[in-house]
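Dropping my_file-v5.pdb in here (PDB, C-alpha atoms, pLDDT in the B column):
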ATOM      1  CA  MET A   1      97.270  97.410  98.863  1.00 66.00           C
ATOM      2  CA  LEU A   2      93.816  98.468  99.985  1.00 79.00           C
ATOM      3  CA  SER A   3      92.926  98.938 103.610  1.00 91.00           C
ATOM      4  CA  ARG A   4      90.528  96.517 105.265  1.00 92.00           C
ATOM      5  CA  GLU A   5      87.932  99.278 105.364  1.00 93.00           C
ATOM      6  CA  ALA A   6      88.253  99.945 101.635  1.00 89.00           C
ATOM      7  CA  LEU A   7      88.002  96.223 100.875  1.00 90.00           C
ATOM      8  CA  GLU A   8      84.899  95.931 103.031  1.00 93.00           C
ATOM      9  CA  GLN A   9      83.317  98.930 101.297  1.00 92.00           C
ATOM     10  CA  TYR A  10      84.037  97.322  97.933  1.00 90.00           C
ATOM     11  CA  ARG A  11      82.533  94.008  99.033  1.00 93.00           C
ATOM     12  CA  ASN A  12      79.373  95.790 100.133  1.00 95.00           C
ATOM     13  CA  MET A  13      78.914  97.579  96.785  1.00 95.00           C
ATOM     14  CA  THR A  14      76.244  96.481  94.370  1.00 96.00           C
ATOM     15  CA  LEU A  15      77.251  95.225  90.955  1.00 95.00           C
ATOM     16  CA  SER A  16      76.224  98.522  89.366  1.00 97.00           C
ATOM     17  CA  GLU A  17      78.279 100.493  91.915  1.00 96.00           C
ATOM     18  CA  ARG A  18      81.344  98.367  91.148  1.00 94.00           C
ATOM     19  CA  LEU A  19      80.829  98.845  87.417  1.00 96.00           C
ATOM     20  CA  ARG A  20      80.450 102.612  87.849  1.00 96.00           C
ATOM     21  CA  LEU A  21      83.671 102.724  89.893  1.00 94.00           C
ATOM     22  CA  THR A  22      85.532 100.649  87.298  1.00 94.00           C
ATOM     23  CA  LEU A  23      84.392 102.818  84.397  1.00 97.00           C
ATOM     24  CA  GLU A  24      85.295 105.989  86.312  1.00 97.00           C
ATOM     25  CA  MET A  25      88.798 104.647  86.968  1.00 94.00           C
ATOM     26  CA  ILE A  26      89.205 103.731  83.284  1.00 95.00           C
ATOM     27  CA  ARG A  27      88.090 107.224  82.195  1.00 97.00           C
ATOM     28  CA  GLU A  28      90.563 108.835  84.599  1.00 97.00           C
ATOM     29  CA  ALA A  29      93.507 106.611  83.616  1.00 95.00           C
ATOM     30  CA  THR A  30      93.048 106.570  79.838  1.00 96.00           C
ATOM     31  CA  PRO A  31      94.603 109.979  79.057  1.00 96.00           C
ATOM     32  CA  ALA A  32      97.810 109.062  80.921  1.00 95.00           C
ATOM     33  CA  LEU A  33      97.974 105.636  79.256  1.00 93.00           C
ATOM     34  CA  LEU A  34      97.728 107.178  75.789  1.00 96.00           C
ATOM     35  CA  GLU A  35     100.190 110.020  76.416  1.00 97.00           C
ATOM     36  CA  GLY A  36     103.460 109.939  74.499  1.00 97.00           C
ATOM     37  CA  SER A  37     104.720 108.515  71.245  1.00 97.00           C
ATOM     38  CA  ALA A  38     103.259 105.362  69.721  1.00 97.00           C
ATOM     39  CA  GLU A  39     106.350 103.433  70.862  1.00 98.00           C
ATOM     40  CA  ILE A  40     105.944 104.569  74.473  1.00 97.00           C
ATOM     41  CA  VAL A  41     102.228 103.736  74.462  1.00 97.00           C
ATOM     42  CA  ASP A  42     102.961 100.302  72.972  1.00 97.00           C
ATOM     43  CA  ARG A  43     105.587  99.593  75.648  1.00 97.00           C
ATOM     44  CA  ARG A  44     103.207 100.761  78.363  1.00 96.00           C
ATOM     45  CA  PHE A  45     100.455  98.401  77.175  1.00 96.00           C
ATOM     46  CA  GLU A  46     102.920  95.535  76.754  1.00 98.00           C
ATOM     47  CA  LEU A  47     103.987  96.002  80.374  1.00 97.00           C
ATOM     48  CA  LEU A  48     100.350  95.973  81.477  1.00 95.00           C
ATOM     49  CA  ARG A  49      99.754  92.801  79.468  1.00 97.00           C
ATOM     50  CA  LEU A  50     102.768  91.102  81.068  1.00 98.00           C
ATOM     51  CA  GLN A  51     101.632  92.122  84.548  1.00 97.00           C
ATOM     52  CA  ASN A  52      98.108  90.840  83.863  1.00 97.00           C
ATOM     53  CA  ASP A  53      99.449  87.556  82.491  1.00 97.00           C
ATOM     54  CA  GLU A  54     101.601  87.052  85.600  1.00 97.00           C
ATOM     55  CA  ARG A  55      98.712  87.871  87.932  1.00 96.00           C
ATOM     56  CA  ASN A  56      96.444  85.448  86.056  1.00 97.00           C
ATOM     57  CA  ARG A  57      99.124  82.737  86.173  1.00 97.00           C
ATOM     58  CA  ARG A  58      99.457  83.099  89.956  1.00 96.00           C
ATOM     59  CA  MET A  59      95.677  82.973  90.424  1.00 95.00           C
ATOM     60  CA  LEU A  60      95.406  79.822  88.308  1.00 96.00           C
ATOM     61  CA  GLU A  61      98.234  78.199  90.265  1.00 95.00           C
ATOM     62  CA  GLY A  62      96.446  79.025  93.520  1.00 93.00           C
ATOM     63  CA  ILE A  63      93.188  77.565  92.237  1.00 93.00           C
ATOM     64  CA  SER A  64      95.020  74.449  91.089  1.00 93.00           C
ATOM     65  CA  ARG A  65      96.707  74.017  94.501  1.00 91.00           C
ATOM     66  CA  SER A  66      93.417  74.475  96.339  1.00 91.00           C
ATOM     67  CA  ARG A  67      91.762  71.785  94.196  1.00 88.00           C
ATOM     68  CA  HIS A  68      94.555  69.345  94.996  1.00 83.00           C
ATOM     69  CA  LEU A  69      94.057  69.950  98.722  1.00 77.00           C
ATOM     70  CA  ALA A  70      90.314  69.324  98.565  1.00 66.00           C
TER
END

Rewrite the coordinates I just gave you, this time as structure tokens.
Amino acid sequence: MLSREALEQYRNMTLSERLRLTLEMIREATPALLEGSAEIVDRRFELLRLQNDERNRRMLEGISRSRHLA
């Protein structure tokens, strides 16, 4: 979880600053993601996909609940 200060810094960034940060993080993480056998890499990406799907599901549920309250 990010600190309040880090979140505030992120909110104050321009779109290009956010994009630069995102691309930098991708460049730094890619070697570790691709390390290992093809089976290990496949499992790693499957886990990431499952985590992303779950996060998206929770966000959509929250949006749906907020619309019902409005």

| Looking at A:Leu33, A:Ala6, A:Glu17, A:Met25, which one is nearest to Leu48 of chain A, with distances taken over only C-alpha atoms? |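 Answer, going by the shortest atom-to-atom distance: A:Leu33.
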
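Our summary of the geometry notes that atom CA of Ala29 of chain A is positioned 16.1 Å from atom CA of Glu46 of chain A.
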
| request: Could you tell me how far atom CA of Leu7 of chain A lies from atom CA of Thr22 of chain A, in Å and to one decimal? | output: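 These atoms are spaced 14.5 Å apart.
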
Provide an axis-aligned box for all listed atoms of segment 50-64 of chain A, padding each side by 4 Å; report its centre and its edge lengths in Å to one decimal, as lines of an AutoDock Vina configuration file.
center_x = 98.0
center_y = 83.3
center_z = 87.3
size_x = 17.6
size_y = 25.7
size_z = 20.5

| query | So how many Å separate atom CA of Glu39 of chain A and atom CA of Arg57 of chain A, to one decimal? | reply |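 Answer for the atom CA of Glu39 of chain A to atom CA of Arg57 of chain A separation: 26.7 Å.
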